[in-house]
>>> print(open('work-v7.csv').read())   # CSV, C-alpha atoms
chain,number,residue,atom,x,y,z
A,1,MET,CA,1.6,85.1,30.3
A,2,ASP,CA,4.8,87.1,29.9
A,3,ARG,CA,7.2,85.2,27.6
A,4,THR,CA,10.2,86.6,29.5
A,5,MET,CA,9.0,84.7,32.5
A,6,ALA,CA,8.8,81.5,30.6
A,7,ALA,CA,12.2,82.1,28.9
A,8,SER,CA,14.0,83.2,32.1
A,9,SER,CA,13.0,80.0,33.8
A,10,THR,CA,14.5,77.8,31.2
A,11,ASN,CA,17.6,77.0,33.2
A,12,PHE,CA,15.4,75.9,36.2
A,13,ALA,CA,13.7,73.3,33.9
A,14,SER,CA,17.0,72.0,32.4
A,15,HIS,CA,18.8,71.5,35.7
A,16,ASN,CA,16.1,70.7,38.3
A,17,ASN,CA,15.9,66.9,37.7
A,18,GLU,CA,15.4,65.6,41.3
A,19,HIS,CA,15.6,62.0,40.2
A,20,PRO,CA,18.5,60.4,38.4
A,21,ASN,CA,16.2,58.4,36.2
A,22,PHE,CA,14.2,61.4,35.0
A,23,PHE,CA,15.2,63.9,32.3
A,24,ILE,CA,12.7,66.7,32.4
A,25,GLN,CA,12.9,69.9,30.4
A,26,VAL,CA,10.5,72.7,29.6
A,27,SER,CA,12.4,75.3,27.5
A,28,GLU,CA,12.8,77.0,24.2
A,29,GLN,CA,15.5,74.5,23.2
A,30,LEU,CA,14.0,71.1,22.7
A,31,PRO,CA,16.5,68.3,22.7
A,32,ILE,CA,16.4,65.9,19.8
A,33,LEU,CA,14.8,62.5,20.0
A,34,GLU,CA,18.2,60.8,20.0
A,35,GLU,CA,19.2,62.6,23.3
A,36,CYS,CA,16.0,61.5,25.0
A,37,TYR,CA,16.5,57.9,23.7
A,38,ASN,CA,20.1,57.9,24.9
A,39,PHE,CA,19.1,59.1,28.3
A,40,VAL,CA,16.5,56.3,28.9
A,41,CYS,CA,18.6,53.5,27.4
A,42,ASP,CA,19.6,51.0,30.1
A,43,GLU,CA,21.2,47.6,29.8
A,44,SER,CA,18.6,46.1,32.2
A,45,CYS,CA,15.8,47.1,29.7
A,46,GLY,CA,14.7,45.4,26.6
A,47,ALA,CA,12.3,48.1,25.5
A,48,VAL,CA,12.2,51.8,24.8
A,49,ALA,CA,9.0,53.5,23.7
A,50,THR,CA,8.8,57.0,22.5
A,51,PHE,CA,6.2,59.6,21.5
A,52,VAL,CA,7.0,62.7,19.5
A,53,GLY,CA,4.2,65.3,19.1
A,54,THR,CA,4.6,67.6,16.1
A,55,THR,CA,2.8,70.7,14.8
A,56,ARG,CA,0.4,69.7,12.1
A,57,ASN,CA,-0.6,72.0,9.3
A,58,ASN,CA,-4.3,72.0,9.8
A,59,PHE,CA,-7.1,72.1,12.4
A,60,ASP,CA,-10.8,72.1,11.8
A,61,GLY,CA,-10.5,73.1,8.2
A,62,LYS,CA,-8.0,75.9,8.8
A,63,THR,CA,-4.4,76.1,7.8
A,64,VAL,CA,-2.1,76.2,10.8
A,65,THR,CA,1.2,78.0,10.3
A,66,LYS,CA,2.7,77.5,13.8
A,67,LEU,CA,2.0,76.9,17.4
A,68,CYS,CA,3.3,79.2,20.2
A,69,TYR,CA,3.7,77.6,23.7
A,70,GLU,CA,3.8,79.4,27.0
A,71,ALA,CA,4.2,77.9,30.5
A,72,TYR,CA,4.6,78.6,34.1
A,73,VAL,CA,7.9,76.7,34.0
A,74,PRO,CA,8.5,76.0,37.7
A,75,MET,CA,5.0,74.5,38.1
A,76,ALA,CA,5.2,72.7,34.8
A,77,VAL,CA,8.5,71.0,35.8
A,78,LYS,CA,7.1,70.1,39.2
A,79,GLU,CA,4.0,68.6,37.7
A,80,LEU,CA,6.2,66.6,35.2
A,81,GLN,CA,8.3,65.3,38.1
A,82,ARG,CA,5.1,64.3,39.9
A,83,LEU,CA,3.8,62.6,36.7
A,84,CYS,CA,7.1,60.7,36.2
A,85,HIS,CA,6.9,59.4,39.8
A,86,GLU,CA,3.3,58.3,39.3
A,87,THR,CA,4.2,56.6,36.1
A,88,ARG,CA,7.0,54.5,37.8
A,89,ARG,CA,4.5,53.6,40.6
A,90,THR,CA,1.8,52.7,38.1
A,91,TYR,CA,4.1,50.7,35.7
A,92,SER,CA,6.5,49.1,38.1
A,93,GLY,CA,9.0,48.0,35.5
A,94,VAL,CA,9.7,51.5,34.1
A,95,CYS,CA,13.3,52.3,34.5
A,96,LYS,CA,14.0,55.8,33.0
A,97,ILE,CA,11.8,58.6,31.7
A,98,ALA,CA,12.5,61.6,29.5
A,99,ALA,CA,9.7,64.2,29.3
A,100,VAL,CA,10.5,67.4,27.4
A,101,HIS,CA,8.3,70.2,26.0
A,102,VAL,CA,9.2,73.2,23.9
A,103,LEU,CA,8.3,76.8,24.7
A,104,GLY,CA,7.9,79.6,22.2
A,105,GLU,CA,7.3,79.2,18.5
A,106,CYS,CA,6.9,75.7,17.0
A,107,PRO,CA,6.5,75.7,13.2
A,108,VAL,CA,4.6,73.1,11.3
A,109,GLY,CA,6.4,69.7,11.2
A,110,ARG,CA,8.6,70.4,14.2
A,111,PRO,CA,8.3,68.5,17.5
A,112,SER,CA,6.8,70.2,20.5
A,113,VAL,CA,6.9,67.3,23.0
A,114,ILE,CA,9.1,64.2,23.3
A,115,LEU,CA,8.5,61.4,25.7
A,116,ALA,CA,10.7,58.3,26.1
A,117,VAL,CA,10.4,55.4,28.5
A,118,SER,CA,12.6,52.4,29.1
A,119,SER,CA,11.5,49.1,30.8
A,120,PRO,CA,12.4,45.5,30.8
A,121,HIS,CA,9.4,44.6,28.6
A,122,ARG,CA,7.6,46.4,25.7
A,123,SER,CA,4.1,46.4,27.3
A,124,GLN,CA,5.1,48.5,30.3
A,125,ALA,CA,7.0,51.0,28.1
A,126,LEU,CA,4.2,51.4,25.6
A,127,HIS,CA,1.5,51.8,28.3
A,128,ALA,CA,3.6,54.2,30.2
A,129,VAL,CA,4.2,56.5,27.2
A,130,GLU,CA,0.4,56.6,26.5
A,131,TYR,CA,-0.3,57.4,30.1
A,132,LEU,CA,2.4,60.2,30.1
A,133,ILE,CA,1.1,62.0,27.1
A,134,ASN,CA,-2.5,61.8,28.2
A,135,GLU,CA,-1.7,63.1,31.7
A,136,LEU,CA,0.7,65.7,30.5
A,137,LYS,CA,-2.0,67.2,28.3
A,138,ALA,CA,-4.5,67.1,31.1
A,139,ARG,CA,-2.4,68.4,34.0
A,140,VAL,CA,0.8,70.2,33.0
A,141,PRO,CA,0.4,74.1,32.9
A,142,ILE,CA,1.5,74.6,29.3
A,143,TRP,CA,-0.7,76.6,26.9
A,144,LYS,CA,-0.7,76.9,23.2
A,145,LEU,CA,-1.6,79.6,20.7
A,146,GLU,CA,-2.7,78.1,17.4
A,147,VAL,CA,-1.8,80.5,14.6
A,148,TYR,CA,-3.6,80.3,11.3
A,149,GLU,CA,-2.8,81.4,7.8
A,150,GLY,CA,-4.3,84.6,6.4
A,151,ASP,CA,-6.9,86.5,8.3
A,152,GLU,CA,-8.0,83.7,10.6
A,153,VAL,CA,-8.0,84.7,14.3
A,154,SER,CA,-5.4,82.9,16.4
A,155,VAL,CA,-6.8,80.7,19.2
A,156,TRP,CA,-5.4,80.0,22.7
A,157,LYS,CA,-6.1,76.4,23.6
A,158,GLU,CA,-6.1,74.7,26.9
A,159,ASN,CA,-4.9,71.1,26.6
A,160,VAL,CA,-7.4,68.3,26.3
A,161,GLU,CA,-8.6,66.6,29.4
A,162,TRP,CA,-8.8,62.8,29.4
A,163,LYS,CA,-11.7,61.5,31.5
A,164,GLU,CA,-12.7,57.9,31.3
A,165,GLY,CA,-10.8,57.4,28.0
A,166,LYS,CA,-12.6,60.3,26.3
A,167,ALA,CA,-11.1,63.6,25.1
A,168,THR,CA,-13.0,66.7,26.3
A,169,ARG,CA,-12.0,70.2,25.3
A,170,VAL,CA,-12.0,72.3,28.5
A,171,MET,CA,-11.8,75.8,26.9
A,172,THR,CA,-10.5,77.8,24.0
A,173,ARG,CA,-10.1,81.5,24.0
A,174,HIS,CA,-10.5,83.4,20.7
A,175,ASP,CA,-8.5,86.6,20.6
A,176,ALA,CA,-10.0,89.3,18.5
A,177,ALA,CA,-7.8,90.5,15.7
A,178,GLY,CA,-5.5,93.3,16.8
A,179,ASP,CA,-5.6,92.4,20.5
>>> encode(input="work-v7.csv", output="structure tokens")
Amino acid sequence: MDRTMAASSTNFASHNNEHPNFFIQVSEQLPILEECYNFVCDESCGAVATFVGTTRNNFDGKTVTKLCYEAYVPMAVKELQRLCHETRRTYSGVCKIAAVHVLGECPVGRPSVILAVSSPHRSQALHAVEYLINELKARVPIWKLEVYEGDEVSVWKENVEWKEGKATRVMTRHDAAGD
């Protein structure tokens, strides 16, 4: 996918929140956790649950130097909106949701995805965050390139599907060096 398409759609993602209780963003500028937390805080809620996914420095015995994310932003935002609506229907006490994902380079140790959910009680918020990350990885059209140290070939990876509580790798594409 052409990175200019992903980057040029950034404003769409930042300003297309159709629901006042959703903060959805897919862009090269990831908000900090505090911004997401502040968005979901509500005086009617006694719980805020968060998830922050970060780039780890290894995978399958290889040293990872960074991840690079690409997306079809309008579709990714639309799917995140759909997912937020489903989450509120599934976990009826959920009040507000922040769902943000970075595009472009994401070095080791940096966040790539932040999810935050508020609800009156902890159980709803905790279950909603788990549901959100599993469904986001299964359904939202965001792709990652895992870049390794040295001469290791970088690998494009599709997100993991969650079926019946089990992770299943759908596909990976190994790019030949120099492609």
>>> residues_around(input="work-v7.csv", residues="Cys95 in chain A", least_positions_apart="2", cutoff="7 Å", atoms="all atoms listed in the file", output="ChimeraX atom specification")
/A:21,93,118-119
>>> closest_residue(input="work-v7.csv", among="A:Lys96, A:Asn57, A:Gln81, A:Pro20", to="Glu43 in chain A", atoms="only C-alpha atoms")
A:Lys96
>>> closest_atom_pairs(input="work-v7.csv", of="range 87-141 of chain A", to="range 74-77 of chain A", cutoff="10 Å", atoms="only C-alpha atoms", output="JSON lines")
{"residue": "A:Ala99", "atom": "CA", "partner": "A:Val77", "partner_atom": "CA", "distance": 9.5}
{"residue": "A:Val100", "atom": "CA", "partner": "A:Val77", "partner_atom": "CA", "distance": 9.4}
{"residue": "A:His101", "atom": "CA", "partner": "A:Ala76", "partner_atom": "CA", "distance": 9.7}
{"residue": "A:Leu136", "atom": "CA", "partner": "A:Ala76", "partner_atom": "CA", "distance": 9.4}
{"residue": "A:Arg139", "atom": "CA", "partner": "A:Ala76", "partner_atom": "CA", "distance": 8.8}
{"residue": "A:Val140", "atom": "CA", "partner": "A:Ala76", "partner_atom": "CA", "distance": 5.4}
{"residue": "A:Pro141", "atom": "CA", "partner": "A:Ala76", "partner_atom": "CA", "distance": 5.3}
>>> closest_residue(input="work-v7.csv", among="A:Ile97, A:Val113, A:Leu103, A:Cys68", to="Glu146 in chain A", atoms="all atoms listed in the file")
A:Cys68
>>> residues_around(input="work-v7.csv", residues="Glu35 in chain A", least_positions_apart="6", cutoff="12 Å", atoms="only C-alpha atoms", output="short mmCIF file (atom, residue, chain, number, x, y, z; two decimals) with C-alpha atoms, keeping the file's coordinate frame")
data_model
loop_
_atom_site.label_atom_id
_atom_site.label_comp_id
_atom_site.auth_asym_id
_atom_site.auth_seq_id
_atom_site.Cartn_x
_atom_site.Cartn_y
_atom_site.Cartn_z
CA PHE A 23 15.20 63.90 32.30
CA ILE A 24 12.70 66.70 32.40
CA GLN A 25 12.90 69.90 30.40
CA CYS A 41 18.60 53.50 27.40
CA THR A 50 8.80 57.00 22.50
CA ILE A 97 11.80 58.60 31.70
CA ALA A 98 12.50 61.60 29.50
CA ALA A 99 9.70 64.20 29.30
CA VAL A 100 10.50 67.40 27.40
CA ILE A 114 9.10 64.20 23.30
CA LEU A 115 8.50 61.40 25.70
CA ALA A 116 10.70 58.30 26.10
#
>>> atom_distance(input="work-v7.csv", atom1="CA of Thr65 in chain A", atom2="CA of Tyr148 in chain A")
5.4 Å
>>> residues_around(input="work-v7.csv", residues="Arg122 in chain A", least_positions_apart="3", cutoff="10 Å", atoms="all atoms listed in the file", output="PDB file with C-alpha atoms, in the coordinates of the input")
ATOM      1  CA  CYS A  45      15.800  47.100  29.700  1.00  0.00           C
ATOM      2  CA  GLY A  46      14.700  45.400  26.600  1.00  0.00           C
ATOM      3  CA  ALA A  47      12.300  48.100  25.500  1.00  0.00           C
ATOM      4  CA  VAL A  48      12.200  51.800  24.800  1.00  0.00           C
ATOM      5  CA  ALA A  49       9.000  53.500  23.700  1.00  0.00           C
ATOM      6  CA  VAL A 117      10.400  55.400  28.500  1.00  0.00           C
ATOM      7  CA  SER A 118      12.600  52.400  29.100  1.00  0.00           C
ATOM      8  CA  SER A 119      11.500  49.100  30.800  1.00  0.00           C
ATOM      9  CA  ALA A 125       7.000  51.000  28.100  1.00  0.00           C
ATOM     10  CA  LEU A 126       4.200  51.400  25.600  1.00  0.00           C
ATOM     11  CA  HIS A 127       1.500  51.800  28.300  1.00  0.00           C
ATOM     12  CA  ALA A 128       3.600  54.200  30.200  1.00  0.00           C
TER      13      ALA A 128
END
>>> residues_around(input="work-v7.csv", residues="range 58-63 of chain A", least_positions_apart="3", cutoff="10 Å", atoms="all atoms listed in the file", output="count of residues only")
9
>>> atom_distance(input="work-v7.csv", atom1="CA of Thr54 in chain A", atom2="CA of Leu67 in chain A")
9.7 Å
>>> closest_residue(input="work-v7.csv", among="A:Lys157, A:His19, A:Arg110, A:Lys144", to="Lys78 in chain A", atoms="only C-alpha atoms")
A:His19
>>> closest_residue(input="work-v7.csv", among="A:Val94, A:Leu145, A:Ile32, A:Cys106", to="Ser123 in chain A", atoms="all atoms listed in the file")
A:Val94
>>> closest_residue(input="work-v7.csv", among="A:Ala138, A:Glu18, A:Val26, A:Pro120", to="Cys84 in chain A", atoms="only C-alpha atoms")
A:Glu18
>>> atom_distance(input="work-v7.csv", atom1="CA of Trp143 in chain A", atom2="CA of Trp156 in chain A")
7.2 Å
>>> decode(input="work-v7.csv", residues="range 73-147 of chain A", atoms="C-alpha atoms", output="PDB file, in the first residue's frame")
ATOM      1  CA  VAL A  73      -7.507   4.562   6.792  1.00  0.00           C
ATOM      2  CA  PRO A  74     -11.170   5.243   5.844  1.00  0.00           C
ATOM      3  CA  MET A  75     -11.984   1.531   6.106  1.00  0.00           C
ATOM      4  CA  ALA A  76      -9.952   1.124   9.309  1.00  0.00           C
ATOM      5  CA  VAL A  77     -11.798   4.024  10.954  1.00  0.00           C
ATOM      6  CA  LYS A  78     -15.167   2.703   9.808  1.00  0.00           C
ATOM      7  CA  GLU A  79     -14.382  -0.752  11.201  1.00  0.00           C
ATOM      8  CA  LEU A  80     -13.205   0.746  14.506  1.00  0.00           C
ATOM      9  CA  GLN A  81     -16.481   2.697  14.734  1.00  0.00           C
ATOM     10  CA  ARG A  82     -18.441  -0.499  14.073  1.00  0.00           C
ATOM     11  CA  LEU A  83     -16.348  -2.307  16.694  1.00  0.00           C
ATOM     12  CA  CYS A  84     -16.964   0.422  19.293  1.00  0.00           C
ATOM     13  CA  HIS A  85     -20.727   0.213  18.689  1.00  0.00           C
ATOM     14  CA  GLU A  86     -20.609  -3.589  19.026  1.00  0.00           C
ATOM     15  CA  THR A  87     -18.629  -3.261  22.251  1.00  0.00           C
ATOM     16  CA  ARG A  88     -21.238  -0.953  23.773  1.00  0.00           C
ATOM     17  CA  ARG A  89     -24.018  -3.376  22.766  1.00  0.00           C
ATOM     18  CA  THR A  90     -22.123  -6.405  24.101  1.00  0.00           C
ATOM     19  CA  TYR A  91     -21.033  -4.726  27.368  1.00  0.00           C
ATOM     20  CA  SER A  92     -24.054  -2.553  28.130  1.00  0.00           C
ATOM     21  CA  GLY A  93     -22.414  -0.549  30.912  1.00  0.00           C
ATOM     22  CA  VAL A  94     -19.601   0.770  28.722  1.00  0.00           C
ATOM     23  CA  CYS A  95     -19.711   4.556  28.621  1.00  0.00           C
ATOM     24  CA  LYS A  96     -16.787   5.821  26.520  1.00  0.00           C
ATOM     25  CA  ILE A  97     -14.162   4.216  24.292  1.00  0.00           C
ATOM     26  CA  ALA A  98     -10.843   5.426  22.902  1.00  0.00           C
ATOM     27  CA  ALA A  99      -9.310   3.286  20.132  1.00  0.00           C
ATOM     28  CA  VAL A 100      -6.165   4.621  18.467  1.00  0.00           C
ATOM     29  CA  HIS A 101      -3.525   2.990  16.252  1.00  0.00           C
ATOM     30  CA  VAL A 102      -0.294   4.379  14.861  1.00  0.00           C
ATOM     31  CA  LEU A 103       0.739   4.349  11.200  1.00  0.00           C
ATOM     32  CA  GLY A 104       4.287   4.445   9.886  1.00  0.00           C
ATOM     33  CA  GLU A 105       7.367   3.478  11.868  1.00  0.00           C
ATOM     34  CA  CYS A 106       7.045   2.287  15.449  1.00  0.00           C
ATOM     35  CA  PRO A 107      10.426   1.674  17.123  1.00  0.00           C
ATOM     36  CA  VAL A 108      10.986  -0.901  19.863  1.00  0.00           C
ATOM     37  CA  GLY A 109       9.421   0.135  23.163  1.00  0.00           C
ATOM     38  CA  ARG A 110       6.947   2.583  21.606  1.00  0.00           C
ATOM     39  CA  PRO A 111       3.155   2.138  21.686  1.00  0.00           C
ATOM     40  CA  SER A 112       1.391   1.164  18.474  1.00  0.00           C
ATOM     41  CA  VAL A 113      -2.156   0.814  19.813  1.00  0.00           C
ATOM     42  CA  ILE A 114      -3.980   2.323  22.792  1.00  0.00           C
ATOM     43  CA  LEU A 115      -7.435   1.273  23.944  1.00  0.00           C
ATOM     44  CA  ALA A 116      -9.318   2.771  26.877  1.00  0.00           C
ATOM     45  CA  VAL A 117     -12.821   1.991  28.136  1.00  0.00           C
ATOM     46  CA  SER A 118     -14.881   3.463  30.966  1.00  0.00           C
ATOM     47  CA  SER A 119     -17.816   1.800  32.673  1.00  0.00           C
ATOM     48  CA  PRO A 120     -19.576   1.889  36.046  1.00  0.00           C
ATOM     49  CA  HIS A 121     -17.901  -1.361  37.142  1.00  0.00           C
ATOM     50  CA  ARG A 122     -14.460  -2.904  36.483  1.00  0.00           C
ATOM     51  CA  SER A 123     -15.672  -6.185  35.015  1.00  0.00           C
ATOM     52  CA  GLN A 124     -17.371  -4.521  32.041  1.00  0.00           C
ATOM     53  CA  ALA A 125     -14.360  -2.282  31.321  1.00  0.00           C
ATOM     54  CA  LEU A 126     -11.840  -5.136  31.570  1.00  0.00           C
ATOM     55  CA  HIS A 127     -13.849  -7.496  29.363  1.00  0.00           C
ATOM     56  CA  ALA A 128     -14.550  -4.724  26.845  1.00  0.00           C
ATOM     57  CA  VAL A 129     -10.835  -3.900  26.445  1.00  0.00           C
ATOM     58  CA  GLU A 130      -9.994  -7.568  25.876  1.00  0.00           C
ATOM     59  CA  TYR A 131     -12.800  -7.848  23.309  1.00  0.00           C
ATOM     60  CA  LEU A 132     -11.630  -4.667  21.557  1.00  0.00           C
ATOM     61  CA  ILE A 133      -7.998  -5.742  21.109  1.00  0.00           C
ATOM     62  CA  ASN A 134      -8.911  -9.236  19.924  1.00  0.00           C
ATOM     63  CA  GLU A 135     -11.462  -7.940  17.415  1.00  0.00           C
ATOM     64  CA  LEU A 136      -9.242  -5.045  16.291  1.00  0.00           C
ATOM     65  CA  LYS A 137      -6.451  -7.491  15.435  1.00  0.00           C
ATOM     66  CA  ALA A 138      -8.871  -9.799  13.623  1.00  0.00           C
ATOM     67  CA  ARG A 139     -10.899  -7.259  11.637  1.00  0.00           C
ATOM     68  CA  VAL A 140      -9.349  -3.822  11.224  1.00  0.00           C
ATOM     69  CA  PRO A 141      -7.380  -3.419   7.953  1.00  0.00           C
ATOM     70  CA  ILE A 142      -4.021  -2.446   9.442  1.00  0.00           C
ATOM     71  CA  TRP A 143      -0.896  -4.289   8.278  1.00  0.00           C
ATOM     72  CA  LYS A 144       2.535  -4.440   9.868  1.00  0.00           C
ATOM     73  CA  LEU A 145       6.018  -4.966   8.511  1.00  0.00           C
ATOM     74  CA  GLU A 146       8.302  -6.534  11.096  1.00  0.00           C
ATOM     75  CA  VAL A 147      11.854  -5.268  10.521  1.00  0.00           C
TER      76      VAL A 147
END
